[in-house]
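This report concerns only the one structure given below.
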There are 2 protein chains.
Amino acid sequence: MPLKAAMTPRKRASQARSRATVEALVEATARILVREGFDAASTNRIAREAGVSIGSLYQYFPSKEALVVAVVERHNRELVTVVREALGEVADQPFEVAVRRLVAAAIAAHRVDPKLHRVLSEQTPRTGALENVEAFNSETYGLFQAFLDARRDQLRPLDLELAAFVCVTSIEALTHTAVLHRPEILSDAAAETLVDEATRLVVGYLAPAFM
Amino acid sequence: MPLKAAMTPRKRASQARSRATVEALVEATARILVREGFDAASTNRIAREAGVSIGSLYQYFPSKEALVVAVVERHNRELVTVVREALGEVADQPFEVAVRRLVAAAIAAHRVDPKLHRVLSEQTPRTGALENVEAFNSETYGLFQAFLDARRDQLRPLDLELAAFVCVTSIEALTHTAVLHRPEILSDAAAETLVDEATRLVVGYLAPAFM
DNA sequence: CCGCAATACGAGCTATCGCTCATATTATCC
DNA sequence: GGATAATATGAGCGATAGCTCGTATTGCGG
């Protein structure tokens with residue numbers, strides 16, 4: 001293996017034709033990750049799937065890693081969008097209703113492309129440029145902290161940053177694990193139950209009463 | 001790459017000499033994973049590190065995967081031991097005290113060999129034989145469920161299995177994330193605070209009062 | 001319609017990986 | 001001490017990976 005190349009592409013796509021090539025490559029990478037797994041996603045295989053030559057691939061992506069980064073970033077953008085929209089909707093809802101909605105959004109986010117999510121979290125080594133790309137984008141912590149801040153008069157005294165860490169990490173783990181490893185929890189009426197439980201977990205933690 | 005070999009070793013180690021070889025290989029694998037990462041852990045590199053020939057390696061481990069499985073299983077045994085011991089100690093403690101102790105145990109478990117834990121969770125693809133090897137052994141869910149069952153008269157009415165899922169998953173995620181990505185949370189007095197918060201999270205969720 | 005830049009192509013290079021196998025060394029038992 | 005089983009050795013094979021580079025094709029400005 002030659003020394004690992006840089007992360008910036010050799011060439012920027014400027015014409016429409018090349019922008020389509022770039023898009024096809026990212027798409028193909030995601031498809032292969034989902035259908036055949038990380039190990040099968042060789043650069044030659046990706047180029048073939050995209051209907052693009054290996055040479056063209058390296059015109060726009062300086063390494064295999066860069067391609068995977070592109071897929072991860074696109075996926076993360078989709079996830080954060082789901083959460084952000086939910087947060088927007090609940091701005092003036094009662095606290096518990098709002099939390100319920102956010103928990104449901106977390107589940108929905110994990111269902112955006114669960115097979116891709118699984119491959120990215122279970123098979124993709126967090127190495128090199130992928131090291132700092134978190135699965136559940138760290139932006140979510142900030143958004144949730146702002147949500148708490150807007151309602152801090154209804155909550156017990158809190159270190160908001162720590163509280164956001166506790167809530168987001170817990171909800172993320174519950175929904176992530178449920179979607180990826182406990183499908184039975186999310187079928188039919190059971191899904192409602194999980195939302196109940198997760199909501200209770202968070203509300204009980206943040207509520208002023210008790211203890 | 002040849003077709004992937006089986007998971008059972010060709011030969012069982014019977015003499016003391018060969019048992020030492022096996023041990024040296026597992027040790028070397030863990031050392032390389034920690035010091036150089038998953039990608040550097042080639043079978044040739046592991047054999048060299050162990051001071052053993054590549055041929056001998058394949059006498060006892062039929063594939064690279066088998067070596068990694070051995071490391072993972074040993075690590076998981078150590079983690080579960082820490083949790084099991086804590087559970088044994090708190091059998092007749094008041095509920096909240098017991099939960100505190102268990103949260104502390106979860107942190108301790110993640111500190112058994114944090115660098116190895118990080119490599120296993122971030123770089124090691126959960127593929128093939130590794131697919132079903134969970135980081136925080138699933139035995140823990142059962143142990144915690146029994147813990148809850150023994151105290152169910154002090155708790156609100158619960159689906160014990162679901163409650164164990166919620167608690168263990170949350171605590172695992174909090175301690176895992178804190179140890180691996182938030183070192184500042186675990187230094188000095190801050191660690192105490194995290195234990196407080198995690199305890200409150202779990203106790204608030206399980207307590208009969210409120211809501 | 002020409003000329004040059006942008007884009008596309010793919011044979012093939014180098015590196016390395018997982019793994020085999022023919023051979024050598026060491027231990028055990030009578 | 002000789003025979004046999006257990007253990008150890010490492011050169012090297014086949015496969016494939018990531019990636020380069022010389023060449024062909026396409027699109028755009030004039």
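Ligands are numbered from 1 in the order shown, residues from 1 within each chain, and chains are lettered A, B, ... in the order they appear in the structure tokens.
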
| task | Using only C-alpha atoms, select each residue of chain A with any atom at most 6 Å away from an atom of chain B, and give the selection as JSON, numbers by chain. | result | {"A": [122, 123, 125, 126, 170, 201, 204, 205]}

| field | chain C contacts to chain B at 12 Å (only C-alpha atoms (C1' of nucleotides)) as a list of chain:residue names | value | C:DT16, C:DC17, C:DG18, C:DC19, C:DT20, C:DC21, C:DA22, C:DT23, C:DT26, C:DA27, C:DT28

Would you output that residue set with N, CA, C and O atoms (P, O5', C5', C4', C3', O3' and C1' of nucleotides), as a short mmCIF file (atom, residue, chain, number, x, y, z; two decimals), in the first residue's frame?
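Final output, result-v9.cif:
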data_model
loop_
_atom_site.label_atom_id
_atom_site.label_comp_id
_atom_site.auth_asym_id
_atom_site.auth_seq_id
_atom_site.Cartn_x
_atom_site.Cartn_y
_atom_site.Cartn_z
P DT C 16 4.55 -2.63 2.26
"O5'" DT C 16 3.38 -3.63 2.66
"C5'" DT C 16 2.05 -3.25 2.33
"C4'" DT C 16 1.16 -4.46 2.43
"C3'" DT C 16 1.60 -5.47 3.50
"O3'" DT C 16 0.49 -5.75 4.30
"C1'" DT C 16 1.10 -6.57 1.50
P DC C 17 0.60 -6.42 5.74
"O5'" DC C 17 -0.87 -6.98 5.91
"C5'" DC C 17 -1.89 -6.68 4.93
"C4'" DC C 17 -2.56 -7.97 4.50
"C3'" DC C 17 -2.37 -9.09 5.51
"O3'" DC C 17 -3.59 -9.40 6.15
"C1'" DC C 17 -1.94 -9.84 3.27
P DG C 18 -3.47 -10.24 7.53
"O5'" DG C 18 -4.12 -11.62 7.09
"C5'" DG C 18 -5.28 -11.65 6.29
"C4'" DG C 18 -5.36 -13.00 5.63
"C3'" DG C 18 -5.22 -14.17 6.60
"O3'" DG C 18 -6.19 -15.16 6.26
"C1'" DG C 18 -3.57 -14.33 4.92
P DC C 19 -6.43 -16.39 7.22
"O5'" DC C 19 -5.40 -17.43 6.59
"C5'" DC C 19 -5.49 -17.72 5.19
"C4'" DC C 19 -4.30 -18.53 4.74
"C3'" DC C 19 -3.95 -19.75 5.59
"O3'" DC C 19 -4.39 -20.90 4.88
"C1'" DC C 19 -2.01 -18.61 4.80
P DT C 20 -4.11 -22.36 5.36
"O5'" DT C 20 -2.84 -22.79 4.49
"C5'" DT C 20 -2.93 -22.72 3.08
"C4'" DT C 20 -1.70 -23.36 2.47
"C3'" DT C 20 -1.42 -24.79 2.94
"O3'" DT C 20 -1.00 -25.53 1.79
"C1'" DT C 20 0.49 -23.45 3.35
P DC C 21 -1.10 -27.10 1.73
"O5'" DC C 21 0.45 -27.50 1.67
"C5'" DC C 21 1.36 -26.59 1.04
"C4'" DC C 21 2.79 -27.00 1.39
"C3'" DC C 21 2.94 -28.41 1.95
"O3'" DC C 21 4.20 -28.91 1.54
"C1'" DC C 21 3.76 -26.90 3.52
P DA C 22 4.28 -30.40 0.93
"O5'" DA C 22 5.86 -30.60 0.84
"C5'" DA C 22 6.64 -29.56 0.28
"C4'" DA C 22 7.88 -29.34 1.12
"C3'" DA C 22 8.57 -30.62 1.61
"O3'" DA C 22 9.97 -30.46 1.44
"C1'" DA C 22 8.07 -29.26 3.46
P DT C 23 10.99 -31.64 1.90
"O5'" DT C 23 11.55 -31.07 3.26
"C5'" DT C 23 12.11 -29.76 3.30
"C4'" DT C 23 12.36 -29.37 4.74
"C3'" DT C 23 13.19 -30.38 5.53
"O3'" DT C 23 14.38 -29.75 5.94
"C1'" DT C 23 11.39 -29.52 6.80
P DT C 26 16.26 -27.70 19.39
"O5'" DT C 26 15.07 -28.42 20.17
"C5'" DT C 26 13.85 -27.72 20.36
"C4'" DT C 26 12.83 -28.67 20.97
"C3'" DT C 26 13.27 -29.33 22.27
"O3'" DT C 26 12.32 -28.96 23.24
"C1'" DT C 26 12.25 -30.89 20.80
P DA C 27 12.51 -29.38 24.74
"O5'" DA C 27 11.47 -30.58 24.87
"C5'" DA C 27 10.08 -30.27 24.86
"C4'" DA C 27 9.30 -31.55 24.86
"C3'" DA C 27 9.45 -32.40 26.12
"O3'" DA C 27 8.14 -32.59 26.64
"C1'" DA C 27 9.75 -33.73 24.15
P DT C 28 7.94 -33.38 28.00
"O5'" DT C 28 7.59 -34.85 27.47
"C5'" DT C 28 6.58 -35.00 26.48
"C4'" DT C 28 6.35 -36.47 26.21
"C3'" DT C 28 6.47 -37.37 27.45
"O3'" DT C 28 5.37 -38.28 27.43
"C1'" DT C 28 7.91 -38.16 25.74
#

| said: Under the rule that only C-alpha atoms (C1' of nucleotides) are counted, which of D:DC19, D:DC28, D:DA11, D:DA3 is the nearest residue to chain B? | reply: D:DA11

| request: Enumerate as a ChimeraX atom specification all residues of chain A assigned to alpha helix (DSSP H) by DSSP on the backbone, naming them with the chain letters and numbers the document uses. | output: /A:16-36,43-50,54-60,64-89,95-110,114-122,139-149,160-181,189-206

| Counting only C-alpha atoms (C1' of nucleotides), what is within 12 Å of Glu85 of chain A, bar same-chain residues fewer than 3 positions away, as a PyMOL selection string? | chain A and resi 78-82+88-91+101-102+104-106+108-109+140+143

Rows by chain and residue number, chain D within 12 Å of chain A, shortest pair, only C-alpha atoms (C1' of nucleotides), as JSON lines:
{"residue": "D:DT16", "atom": "C1'", "partner": "A:Ser42", "partner_atom": "CA", "distance": 9.7}
{"residue": "D:DA17", "atom": "C1'", "partner": "A:Ser42", "partner_atom": "CA", "distance": 7.4}
{"residue": "D:DG18", "atom": "C1'", "partner": "A:Met1", "partner_atom": "CA", "distance": 6.0}
{"residue": "D:DC19", "atom": "C1'", "partner": "A:Pro2", "partner_atom": "CA", "distance": 7.4}
{"residue": "D:DT20", "atom": "C1'", "partner": "A:Gly55", "partner_atom": "CA", "distance": 8.6}
{"residue": "D:DC21", "atom": "C1'", "partner": "A:Gly55", "partner_atom": "CA", "distance": 9.3}
{"residue": "D:DG22", "atom": "C1'", "partner": "A:Gly55", "partner_atom": "CA", "distance": 11.6}
{"residue": "D:DT23", "atom": "C1'", "partner": "A:Gly55", "partner_atom": "CA", "distance": 11.9}
{"residue": "D:DT26", "atom": "C1'", "partner": "A:Arg17", "partner_atom": "CA", "distance": 9.9}
{"residue": "D:DG27", "atom": "C1'", "partner": "A:Gln15", "partner_atom": "CA", "distance": 8.9}
{"residue": "D:DC28", "atom": "C1'", "partner": "A:Gln15", "partner_atom": "CA", "distance": 10.1}

| task | Could you jot down the atom CA of Ala41 of chain A to atom CA of Arg77 of chain A separation for me, Å, one decimal place? | result |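 Taking atom CA of Ala41 of chain A and atom CA of Arg77 of chain A, their separation equals 21.9 Å.
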